[in-house]
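> Sharing data.txt here; it has compact mmCIF, C-alpha atoms.
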# COMPACT_ATOMS: atom_id res chain seq x y z
CA MET A 1 145.27 109.13 98.53
CA LYS A 2 142.21 109.13 100.69
CA SER A 3 139.90 108.94 97.67
CA ALA A 4 141.94 106.01 96.27
CA ARG A 5 141.48 104.22 99.59
CA ASP A 6 137.75 105.03 99.54
CA PHE A 7 137.55 103.58 96.06
CA LEU A 8 139.41 100.39 97.05
CA GLY A 9 137.06 100.07 100.03
CA LEU A 10 134.19 99.56 97.58
CA VAL A 11 135.77 96.55 95.89
CA PRO A 12 134.91 93.76 98.41
CA GLY A 13 131.23 94.75 98.56
CA ILE A 14 130.92 95.05 94.78
CA LEU A 15 132.52 91.61 94.43
CA LEU A 16 130.00 90.26 96.94
CA LEU A 17 127.12 91.77 94.93
CA ALA A 18 128.54 90.23 91.76
CA ALA A 19 129.08 86.84 93.41
CA ILE A 20 125.53 86.72 94.78
CA GLY A 21 124.02 87.95 91.52
CA TYR A 22 126.00 85.50 89.43
CA GLY A 23 125.23 82.78 91.98
CA GLY A 24 121.54 83.50 91.38
CA LYS A 25 122.06 83.07 87.65
CA LEU A 26 123.91 79.75 88.15
CA ILE A 27 121.21 78.45 90.51
CA GLU A 28 118.51 79.30 87.97
CA ALA A 29 120.35 77.29 85.31
CA ALA A 30 121.06 74.35 87.65
CA TYR A 31 117.50 74.29 88.99
CA SER A 32 115.98 74.33 85.52
CA ALA A 33 118.42 71.64 84.27
CA TYR A 34 117.57 69.44 87.28
CA SER A 35 113.84 69.92 86.72
CA LYS A 36 114.18 69.00 83.02
CA ALA A 37 116.51 66.01 83.61
CA HIS A 38 114.13 64.48 86.13
CA HIS A 39 110.96 65.51 84.23
CA LEU A 40 109.69 67.29 87.32
CA GLY A 41 107.98 70.13 85.44
CA LEU A 42 108.85 72.60 88.24
CA PRO A 43 107.89 76.22 87.58
CA ASN A 44 110.86 78.27 86.39
CA ILE A 45 112.34 80.44 89.14
CA GLU A 46 114.20 83.40 87.68
CA TYR A 47 117.67 84.55 88.74
CA VAL A 48 116.03 87.69 90.14
CA LEU A 49 114.39 85.74 92.95
CA TRP A 50 117.46 83.57 93.60
CA ALA A 51 119.70 86.65 93.87
CA ILE A 52 117.31 88.37 96.28
CA LEU A 53 116.90 85.19 98.37
CA LEU A 54 120.68 84.62 98.57
CA GLY A 55 121.12 88.24 99.71
CA LEU A 56 118.32 87.90 102.28
CA LEU A 57 119.84 84.68 103.58
CA ILE A 58 123.20 86.35 104.22
CA SER A 59 121.86 89.57 105.72
CA ASN A 60 119.49 87.71 108.06
CA THR A 61 121.88 84.98 109.23
CA THR A 62 125.54 85.93 109.33
CA GLY A 63 124.86 89.61 108.57
CA VAL A 64 126.92 91.72 106.19
CA HIS A 65 130.49 92.22 107.50
CA LYS A 66 131.57 95.85 107.70
CA LEU A 67 134.29 95.19 105.14
CA PHE A 68 131.54 94.70 102.52
CA LYS A 69 129.21 97.52 103.57
CA PRO A 70 130.59 100.44 101.47
CA GLY A 71 130.57 98.31 98.29
CA VAL A 72 127.13 96.83 98.98
CA ALA A 73 125.77 100.40 99.27
CA THR A 74 126.73 100.96 95.60
CA TYR A 75 123.67 98.96 94.53
CA GLU A 76 121.94 102.32 94.06
CA PHE A 77 124.62 103.19 91.47
CA PHE A 78 124.02 99.88 89.64
CA LEU A 79 120.28 100.43 89.75
CA LYS A 80 120.58 103.87 88.16
CA ILE A 81 123.12 102.87 85.52
CA GLY A 82 120.95 99.82 84.74
CA ILE A 83 118.02 102.16 84.12
CA VAL A 84 120.17 104.43 81.90
CA PHE A 85 121.24 101.44 79.74
CA LEU A 86 117.65 100.19 79.70
CA GLY A 87 116.85 103.34 77.70
CA SER A 88 118.29 101.47 74.70
CA ARG A 89 115.28 99.11 74.79
CA PHE A 90 112.73 101.91 74.41
CA LEU A 91 111.91 104.06 71.42
CA ILE A 92 111.75 107.66 72.56
CA VAL A 93 108.16 107.99 71.29
CA ASP A 94 107.13 105.08 73.53
CA VAL A 95 108.96 106.66 76.45
CA LEU A 96 107.10 109.91 75.93
CA LYS A 97 103.73 108.18 75.56
CA LEU A 98 104.18 105.83 78.52
CA SER A 99 105.75 108.39 80.81
CA GLY A 100 102.92 110.77 79.90
CA ILE A 101 100.39 108.14 81.01
CA SER A 102 102.52 107.41 84.10
CA LEU A 103 102.65 111.08 85.04
CA VAL A 104 98.86 111.45 84.81
CA LEU A 105 98.46 108.35 87.00
CA VAL A 106 101.18 109.61 89.37
CA ALA A 107 99.33 112.92 89.79
CA ILE A 108 96.13 111.08 90.74
CA GLU A 109 98.01 108.62 92.96
CA LEU A 110 99.86 111.44 94.65
CA THR A 111 96.70 113.29 95.57
CA ILE A 112 95.04 110.15 96.85
CA SER A 113 98.06 109.00 98.85
CA ILE A 114 98.57 112.38 100.49
CA VAL A 115 94.90 112.41 101.52
CA ILE A 116 95.02 108.79 102.77
CA MET A 117 98.32 109.21 104.62
CA THR A 118 97.31 112.49 106.25
CA TRP A 119 94.05 110.92 107.44
CA LEU A 120 95.79 107.77 108.74
CA GLY A 121 98.54 109.83 110.40
CA LYS A 122 95.89 111.78 112.35
CA LYS A 123 94.08 108.56 113.30
CA PHE A 124 97.30 107.06 114.69
CA ASN A 125 98.51 110.29 116.31
CA LEU A 126 101.70 110.55 114.29
CA SER A 127 103.42 113.93 114.12
CA PRO A 128 102.43 116.00 111.05
CA LYS A 129 105.99 115.95 109.70
CA LEU A 130 106.32 112.17 110.09
CA THR A 131 102.97 111.82 108.31
CA SER A 132 104.23 114.07 105.49
CA LEU A 133 107.41 112.01 105.16
CA LEU A 134 105.36 108.80 104.96
CA ALA A 135 103.11 110.41 102.35
CA VAL A 136 106.10 111.52 100.25
CA GLY A 137 107.77 108.11 100.64
CA SER A 138 104.69 106.15 99.63
CA SER A 139 103.65 108.41 96.79
CA ILE A 140 107.00 109.10 95.10
CA CYS A 141 110.08 107.06 95.54
CA GLY A 142 110.71 105.78 98.96
CA VAL A 143 114.01 106.49 100.61
CA SER A 144 115.46 109.16 98.34
CA ALA A 145 112.20 111.14 98.44
CA ILE A 146 112.11 110.98 102.23
CA ILE A 147 115.71 112.21 102.42
CA ALA A 148 114.97 115.04 99.98
CA ALA A 149 111.83 116.04 101.88
CA LYS A 150 113.51 115.82 105.29
CA GLY A 151 115.79 118.79 104.61
CA ALA A 152 113.11 120.81 102.87
CA ILE A 153 110.50 120.54 105.66
CA ASN A 154 113.07 120.60 108.47
CA ALA A 155 111.98 117.24 109.91
CA ASN A 156 114.12 115.60 112.58
CA GLU A 157 116.44 112.61 112.22
CA GLU A 158 114.15 110.28 114.18
CA ASP A 159 111.05 110.99 112.08
CA SER A 160 112.96 110.41 108.85
CA SER A 161 114.54 107.16 110.01
CA ILE A 162 111.14 105.89 111.21
CA ALA A 163 109.60 106.82 107.86
CA ILE A 164 112.44 105.14 105.94
CA THR A 165 112.13 101.93 107.96
CA ALA A 166 108.34 101.84 107.54
CA ILE A 167 108.61 102.42 103.78
CA LEU A 168 111.36 99.79 103.42
CA THR A 169 109.29 97.21 105.30
CA VAL A 170 106.29 97.79 103.08
CA GLY A 171 108.60 97.73 100.04
CA ALA A 172 110.01 94.33 101.07
CA LEU A 173 106.50 92.94 101.47
CA SER A 174 105.33 94.42 98.15
CA LEU A 175 108.26 92.86 96.34
CA PHE A 176 106.82 89.41 96.93
CA ALA A 177 103.11 90.24 97.24
CA PHE A 178 102.74 92.18 93.96
CA PRO A 179 103.81 89.36 91.58
CA LEU A 180 101.48 86.93 93.40
CA VAL A 181 98.51 89.31 93.07
CA GLY A 182 99.44 90.00 89.44
CA ARG A 183 99.43 86.27 88.61
CA TRP A 184 96.19 85.80 90.48
CA LEU A 185 94.55 88.57 88.44
CA SER A 186 96.31 87.39 85.22
CA LEU A 187 97.56 90.91 84.48
CA ASP A 188 99.48 91.30 81.24
CA ASP A 189 103.18 92.25 81.41
CA ALA A 190 102.67 95.93 80.55
CA ALA A 191 99.85 96.46 83.05
CA PHE A 192 101.70 94.62 85.81
CA GLY A 193 104.92 96.54 85.15
CA MET A 194 103.08 99.87 85.21
CA TRP A 195 101.34 98.89 88.45
CA ALA A 196 104.59 97.82 90.15
CA GLY A 197 106.33 100.98 88.93
CA LEU A 198 103.58 103.21 90.28
CA ALA A 199 102.79 101.47 93.56
CA VAL A 200 105.94 99.74 94.88
CA ASP A 201 107.91 102.23 96.92
CA ASN A 202 111.62 101.98 96.46
CA THR A 203 113.00 102.04 92.93
CA ALA A 204 115.08 98.88 93.39
CA GLU A 205 112.08 97.00 94.82
CA ALA A 206 109.77 98.28 92.08
CA VAL A 207 112.13 97.12 89.30
CA ALA A 208 112.71 93.81 91.10
CA ALA A 209 108.95 93.20 91.53
CA GLY A 210 108.50 93.83 87.80
CA ALA A 211 111.43 91.59 86.88
CA LEU A 212 110.09 88.80 89.11
CA TYR A 213 106.96 88.85 86.94
CA SER A 214 108.67 88.92 83.55
CA ASP A 215 111.43 90.66 81.63
CA ALA A 216 108.91 92.89 79.82
CA ALA A 217 107.18 93.78 83.11
CA GLY A 218 110.55 94.70 84.65
CA LYS A 219 111.25 97.03 81.74
CA MET A 220 107.86 98.73 82.13
CA ALA A 221 108.22 98.97 85.92
CA ALA A 222 111.57 100.74 85.52
CA LEU A 223 110.04 103.26 83.10
CA ALA A 224 106.98 104.00 85.24
CA LYS A 225 109.09 104.30 88.38
CA THR A 226 111.53 106.62 86.63
CA ALA A 227 108.66 108.90 85.56
CA ARG A 228 107.41 108.83 89.15
CA ASN A 229 110.89 109.69 90.46
CA ALA A 230 111.08 112.67 88.12
CA THR A 231 108.23 114.37 90.02
CA ILE A 232 110.10 114.35 93.34
CA GLY A 233 111.18 118.02 93.16
CA PHE A 234 107.65 119.31 92.67
CA VAL A 235 106.18 117.37 95.58
CA VAL A 236 109.00 118.27 97.95
CA LEU A 237 108.69 121.90 96.88
CA GLY A 238 104.95 121.74 97.64
CA TYR A 239 105.60 120.42 101.14
CA ALA A 240 108.42 122.93 101.75
CA TRP A 241 106.06 125.76 100.78
CA TYR A 242 103.31 124.38 103.07
CA TYR A 243 105.60 124.12 106.12
CA ALA A 244 107.29 127.46 105.40
CA LYS A 245 103.87 129.12 105.38
CA GLN A 246 103.29 127.78 108.88
CA GLY A 247 106.70 129.02 109.96
CA LEU A 248 107.95 125.45 110.51
CA ALA A 249 110.58 125.39 107.76
CA LYS A 250 112.70 127.82 105.76
CA GLU A 251 111.24 129.56 102.71
CA VAL A 252 112.60 128.19 99.42
CA GLY A 253 114.47 130.98 97.63
CA ASN A 254 115.14 130.14 94.00
CA LYS A 255 112.44 127.63 93.02
CA ALA A 256 113.93 126.67 89.65
CA LYS A 257 117.30 125.96 91.30
CA PHE A 258 115.55 123.93 94.01
CA LEU A 259 113.69 121.84 91.39
CA TRP A 260 116.90 121.22 89.44
CA GLU A 261 118.78 120.18 92.59
CA LYS A 262 116.10 117.66 93.53
CA PHE A 263 115.66 116.33 89.99
CA PRO A 264 117.20 112.85 89.64
CA LYS A 265 119.78 113.48 86.88
CA PHE A 266 120.09 109.84 85.80
CA VAL A 267 116.61 110.22 84.28
CA LEU A 268 118.25 112.47 81.67
CA GLY A 269 120.74 109.69 80.91
CA PHE A 270 117.84 107.28 80.34
CA LEU A 271 116.17 109.76 77.94
CA VAL A 272 119.40 110.44 76.00
CA VAL A 273 120.14 106.71 75.55
CA SER A 274 116.58 106.08 74.40
CA ALA A 275 116.81 109.01 71.93
CA LEU A 276 120.18 107.76 70.60
CA ALA A 277 118.78 104.25 70.15
CA SER A 278 115.71 105.67 68.37
CA VAL A 279 117.75 107.62 65.79
CA GLY A 280 119.91 104.60 64.92
CA PHE A 281 123.10 105.66 66.74
CA PHE A 282 123.67 102.01 67.74
CA ASP A 283 123.65 98.94 65.51
CA ARG A 284 121.86 95.75 66.54
CA PRO A 285 124.77 94.01 68.34
CA GLN A 286 125.48 97.24 70.24
CA LEU A 287 121.83 97.47 71.31
CA THR A 288 121.99 93.86 72.51
CA SER A 289 125.17 94.64 74.44
CA LEU A 290 123.55 97.65 76.13
CA ALA A 291 120.48 95.60 77.06
CA ASN A 292 122.76 92.90 78.50
CA LEU A 293 124.75 95.47 80.47
CA SER A 294 121.49 96.73 81.92
CA LYS A 295 120.61 93.18 83.00
CA TRP A 296 124.04 92.73 84.63
CA ALA A 297 123.64 96.01 86.50
CA PHE A 298 120.18 94.97 87.72
CA LEU A 299 121.57 91.61 88.80
CA LEU A 300 123.90 93.41 91.22
CA THR A 301 121.01 95.63 92.32
CA PHE A 302 118.81 92.66 93.18
CA ALA A 303 121.62 91.12 95.22
CA GLY A 304 121.86 94.49 97.03
CA VAL A 305 118.09 94.53 97.73
CA GLY A 306 118.44 91.21 99.56
CA LEU A 307 121.62 92.21 101.39
CA ASN A 308 120.10 95.49 102.57
CA THR A 309 116.91 93.93 103.96
CA ASN A 310 117.25 92.88 107.56
CA PHE A 311 113.97 91.63 108.99
CA ARG A 312 115.08 91.96 112.62
CA ALA A 313 115.91 95.65 112.14
CA LEU A 314 112.59 96.20 110.34
CA LEU A 315 110.64 94.45 113.11
CA LYS A 316 112.19 96.64 115.80
CA GLN A 317 110.26 99.73 114.69
CA GLY A 318 107.17 101.00 116.48
CA SER A 319 103.86 99.68 115.21
CA GLY A 320 102.20 103.08 114.52
CA PRO A 321 104.24 104.23 111.50
CA PHE A 322 104.35 100.69 110.14
CA VAL A 323 100.56 100.29 110.33
CA VAL A 324 100.08 103.69 108.70
CA GLY A 325 102.62 102.78 106.00
CA PHE A 326 101.06 99.36 105.45
CA VAL A 327 97.39 100.37 105.42
CA GLY A 328 98.16 103.46 103.34
CA GLU A 329 100.22 101.46 100.89
CA LEU A 330 97.54 98.78 100.59
CA LEU A 331 94.90 101.38 99.74
CA ILE A 332 97.27 103.10 97.29
CA ALA A 333 98.07 99.73 95.65
CA ILE A 334 94.35 99.00 95.17
CA VAL A 335 93.59 102.45 93.76
CA THR A 336 96.64 102.33 91.46
CA LEU A 337 95.67 98.86 90.24
CA GLY A 338 92.25 100.21 89.28
CA LEU A 339 93.84 103.18 87.49
CA VAL A 340 96.28 100.98 85.58
CA ILE A 341 93.57 98.54 84.45
CA LEU A 342 91.45 101.51 83.35
CA ALA A 343 94.38 103.09 81.45
CA ASN A 344 95.22 99.75 79.83
CA ASN A 345 91.65 99.39 78.58
CA VAL A 346 91.20 102.99 77.47
CA VAL A 347 94.53 103.99 75.90
CA GLY A 348 96.51 100.72 75.92
CA LEU A 349 99.92 100.36 77.58
CA MET B 350 133.68 109.07 95.72
CA ARG B 351 132.15 111.39 98.28
CA TYR B 352 132.91 114.49 96.21
CA LEU B 353 130.56 113.63 93.35
CA SER B 354 126.95 112.51 93.69
CA VAL B 355 125.84 109.02 92.63
CA ASP B 356 123.96 110.52 89.69
CA THR B 357 127.11 112.27 88.46
CA TRP B 358 129.05 109.00 88.63
CA VAL B 359 126.22 107.27 86.77
CA ILE B 360 126.44 109.80 83.93
CA ILE B 361 130.28 109.70 83.76
CA ILE B 362 130.50 105.90 83.71
CA ALA B 363 127.54 105.57 81.32
CA VAL B 364 129.13 107.98 78.82
CA ALA B 365 132.45 106.07 79.04
CA VAL B 366 130.82 102.64 78.63
CA ILE B 367 128.53 103.74 75.81
CA GLY B 368 131.45 105.37 74.00
CA LEU B 369 133.47 102.18 74.35
CA LEU B 370 130.63 99.99 73.07
CA ARG B 371 129.82 102.31 70.19
CA PHE B 372 133.35 102.85 68.89
CA SER B 373 134.90 99.44 69.44
CA ASN B 374 134.01 95.86 68.66
CA ILE B 375 133.41 94.89 72.27
CA THR B 376 130.18 93.00 72.91
CA VAL B 377 128.56 92.06 76.19
CA ALA B 378 126.94 88.66 76.52
CA TRP B 379 124.32 87.63 79.07
Would you write the structure of this file as structure tokens?

Amino acid sequence: MKSARDFLGLVPGILLLAAIGYGGKLIEAAYSAYSKAHHLGLPNIEYVLWAILLGLLISNTTGVHKLFKPGVATYEFFLKIGIVFLGSRFLIVDVLKLSGISLVLVAIELTISIVIMTWLGKKFNLSPKLTSLLAVGSSICGVSAIIAAKGAINANEEDSSIAITAILTVGALSLFAFPLVGRWLSLDDAAFGMWAGLAVDNTAEAVAAGALYSDAAGKMAALAKTARNATIGFVVLGYAWYYAKQGLAKEVGNKAKFLWEKFPKFVLGFLVVSALASVGFFDRPQLTSLANLSKWAFLLTFAGVGLNTNFRALLKQGSGPFVVGFVGELLIAIVTLGLVILANNVVGL
Amino acid sequence: MRYLSVDTWVIIIAVAVIGLLRFSNITVAW
């Protein structure tokens, strides 16, 4: 009975996500119709931005009522299932090629961001564990990486919530800053998507930043970010080993089991769907349906990104971790941009 | 919901939805 009640408790929040997402879609259509009817020639504003803005408006004015909170938190579920369905839009050979490139770039980015974050953390007198959490959050995948690392390196609650807030703030800024920089530099869709996937922290924000740029960039951002997420276990294991050696955390027993536990399983779903689509398991209308389902799931995710971003709460944090997160992230974004442009010119994305 | 992880739910629902799409005439519009 309790689980049935838990399930029903999700319904109001999911309906709110759907209403905001669909509202974003309706506003896009109305805005573009108005612009055309009055020959205003306004630039097209995609549903992605409208959905995020509507969510931001609610969370920063009236706030999200507690009735909606459990359902709103399911946006992570919609994000992941959206990525799984998105697999239908990739041939498995492309996935392997692009995720191979992503992984090479991730390895370089990881090394650089750990060096930068460790240096900045020392400069700003942050505790070593907080610095490690910020490094993991900025190099891999934001919140889920910080949570995974927290247990493994035995960091305290306060350090992890500070790191999460700092990473979320930088993620919210990147969401809007990245598309502007991309337009300014006239990056092509593939390069921009790869850049957003590798440098924007949280998965939802990375996919949203890509989708704000273009549909193709959103698709690429989701792939690059998924490849980046897949490395989480290795990095966390590295940190756990480092802190265990210093006697500051428990030794990891079975390493293979640890890696499997930390591995984001939805990535396997994405790979299976892409493989099925590549061998002709689906016909054309079915592929279109899967791609549309993925867009619907992302629509709810983008509404959730807005609803979960509260500027007042983000501003309350101390300046130290935020400055470290921001400066570190800025440097990482610049380095990653250079790497992506190089990869685009050398091997093609 | 708390007994299974989000990733497990993602896989379960994805398998169900994909099965439904593949073996029926249902289509999803945008």
> Which residues are close to Ile367 of chain B, i.e. within 12 Å by all atoms listed in the file, leaving aside same-chain residues fewer than 4 positions away? Reply as a PyMOL selection string.
(chain A and resi 81+84-85+87-88+269+272-273+276-277+281-282+286-287+289-291+293-294) or (chain B and resi 359-363+371-377)
> May I have the residues from that selection written out with C-alpha atoms, as a short mmCIF file (atom, residue, chain, number, x, y, z; two decimals), keeping the file's coordinate frame?

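The resulting again-v9.cif:
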data_model
loop_
_atom_site.label_atom_id
_atom_site.label_comp_id
_atom_site.auth_asym_id
_atom_site.auth_seq_id
_atom_site.Cartn_x
_atom_site.Cartn_y
_atom_site.Cartn_z
CA ILE A 81 123.12 102.87 85.52
CA VAL A 84 120.17 104.43 81.90
CA PHE A 85 121.24 101.44 79.74
CA GLY A 87 116.85 103.34 77.70
CA SER A 88 118.29 101.47 74.70
CA GLY A 269 120.74 109.69 80.91
CA VAL A 272 119.40 110.44 76.00
CA VAL A 273 120.14 106.71 75.55
CA LEU A 276 120.18 107.76 70.60
CA ALA A 277 118.78 104.25 70.15
CA PHE A 281 123.10 105.66 66.74
CA PHE A 282 123.67 102.01 67.74
CA GLN A 286 125.48 97.24 70.24
CA LEU A 287 121.83 97.47 71.31
CA SER A 289 125.17 94.64 74.44
CA LEU A 290 123.55 97.65 76.13
CA ALA A 291 120.48 95.60 77.06
CA LEU A 293 124.75 95.47 80.47
CA SER A 294 121.49 96.73 81.92
CA VAL B 359 126.22 107.27 86.77
CA ILE B 360 126.44 109.80 83.93
CA ILE B 361 130.28 109.70 83.76
CA ILE B 362 130.50 105.90 83.71
CA ALA B 363 127.54 105.57 81.32
CA ARG B 371 129.82 102.31 70.19
CA PHE B 372 133.35 102.85 68.89
CA SER B 373 134.90 99.44 69.44
CA ASN B 374 134.01 95.86 68.66
CA ILE B 375 133.41 94.89 72.27
CA THR B 376 130.18 93.00 72.91
CA VAL B 377 128.56 92.06 76.19
#
> From the options A:Asp188, A:Ala152, A:Gly280, A:Asp159, which residue's atoms come nearest to Tyr239 of chain A, counting all atoms listed in the file?
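Selected residue with least distance to Tyr239 of chain A: A:Ala152.
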> Using all atoms listed in the file, which of the listed residues (A:Phe192, A:Phe124, A:Trp296, A:Tyr34) sits closest to chain B?
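Of A:Phe192, A:Phe124, A:Trp296, A:Tyr34, the one nearest chain B is A:Trp296, counting all atoms listed in the file.
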> Could you tell me which of A:Leu259, A:Leu300, A:Leu337, A:Leu268 comes closest to chain B if we count all atoms listed in the file?
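That would be A:Leu268, the residue with the smallest distance to chain B.
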> In Å, rounded to a single decimal, give me how far atom CA of Thr74 of chain A is from atom CA of Gly13 of chain A.
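The value is 8.2 Å.
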> When you count only C-alpha atoms, which of these residues is closest to Trp358 of chain B: A:Glu329, A:Asp201, A:Glu251, A:Glu76?
A:Glu76
> Quick one: pull the distance between atom CA of His65 of chain A and atom CA of Ala172 of chain A, Å, one decimal.
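Going from atom CA of His65 of chain A over to atom CA of Ala172 of chain A, I get 21.6 Å.
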> For Phe302 of chain A, which residue among A:Leu110, A:Ala206, A:Ile101, A:Leu248 is the nearest when counting all atoms listed in the file?
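Closest to Phe302 of chain A, using all atoms listed in the file: A:Ala206.
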> When you draw a straight line from atom CA of Gly100 of chain A to atom CA of Ser139 of chain A, how long is it in Å?
17.1 Å
> Name all residues at most 9 Å from Lys219 of chain A (count all atoms listed in the file; drop same-chain ones fewer than 4 positions away) and give them as a ChimeraX atom specification.
/A:83,86,89-90,190,193,207,210-211,214-215,223-224
> Pick the closest to Trp379 of chain B from A:Thr301, A:Leu15, A:Tyr22, A:Ala177: which is it, counting all atoms listed in the file?
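Under the stated criterion, the closest residue is A:Tyr22.
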> Counting all atoms listed in the file, what is within 9 Å of segment 42-57 of chain A, bar same-chain residues fewer than 4 positions away, as number ranges by chain?
A: 17, 20-29, 31-32, 35-36, 61-63, 208, 211-212, 214, 298-300, 302-311
> Could you rebuild segment 351-364 of chain B with N, CA and C atoms and give it back as a CSV table (one decimal), in the coordinates of the input?

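As written to disk, out-v4.csv reads:
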chain,number,residue,atom,x,y,z
B,351,ARG,N,133.1,110.6,97.6
B,351,ARG,CA,132.2,111.4,98.3
B,351,ARG,C,132.0,112.8,97.7
B,352,TYR,N,132.9,113.1,96.7
B,352,TYR,CA,132.9,114.5,96.2
B,352,TYR,C,131.9,114.6,95.1
B,353,LEU,N,131.6,113.6,94.4
B,353,LEU,CA,130.6,113.6,93.4
B,353,LEU,C,129.3,112.8,93.8
B,354,SER,N,128.2,113.3,93.3
B,354,SER,CA,127.0,112.5,93.7
B,354,SER,C,126.9,111.2,92.9
B,355,VAL,N,126.0,110.3,93.4
B,355,VAL,CA,125.8,109.0,92.6
B,355,VAL,C,125.4,109.3,91.2
B,356,ASP,N,124.5,110.2,91.0
B,356,ASP,CA,124.0,110.5,89.7
B,356,ASP,C,125.1,111.0,88.7
B,357,THR,N,126.0,111.8,89.3
B,357,THR,CA,127.1,112.3,88.5
B,357,THR,C,128.0,111.1,88.0
B,358,TRP,N,128.3,110.2,89.0
B,358,TRP,CA,129.0,109.0,88.6
B,358,TRP,C,128.3,108.2,87.6
B,359,VAL,N,127.0,108.1,87.7
B,359,VAL,CA,126.2,107.3,86.8
B,359,VAL,C,126.4,107.8,85.4
B,360,ILE,N,126.3,109.2,85.2
B,360,ILE,CA,126.4,109.8,83.9
B,360,ILE,C,127.9,109.6,83.4
B,361,ILE,N,128.9,109.8,84.2
B,361,ILE,CA,130.3,109.7,83.8
B,361,ILE,C,130.6,108.3,83.3
B,362,ILE,N,130.2,107.3,84.1
B,362,ILE,CA,130.5,105.9,83.7
B,362,ILE,C,129.7,105.5,82.5
B,363,ALA,N,128.4,105.9,82.5
B,363,ALA,CA,127.5,105.6,81.3
B,363,ALA,C,128.1,106.1,80.0
B,364,VAL,N,128.6,107.4,80.0
B,364,VAL,CA,129.1,108.0,78.8
B,364,VAL,C,130.4,107.2,78.4
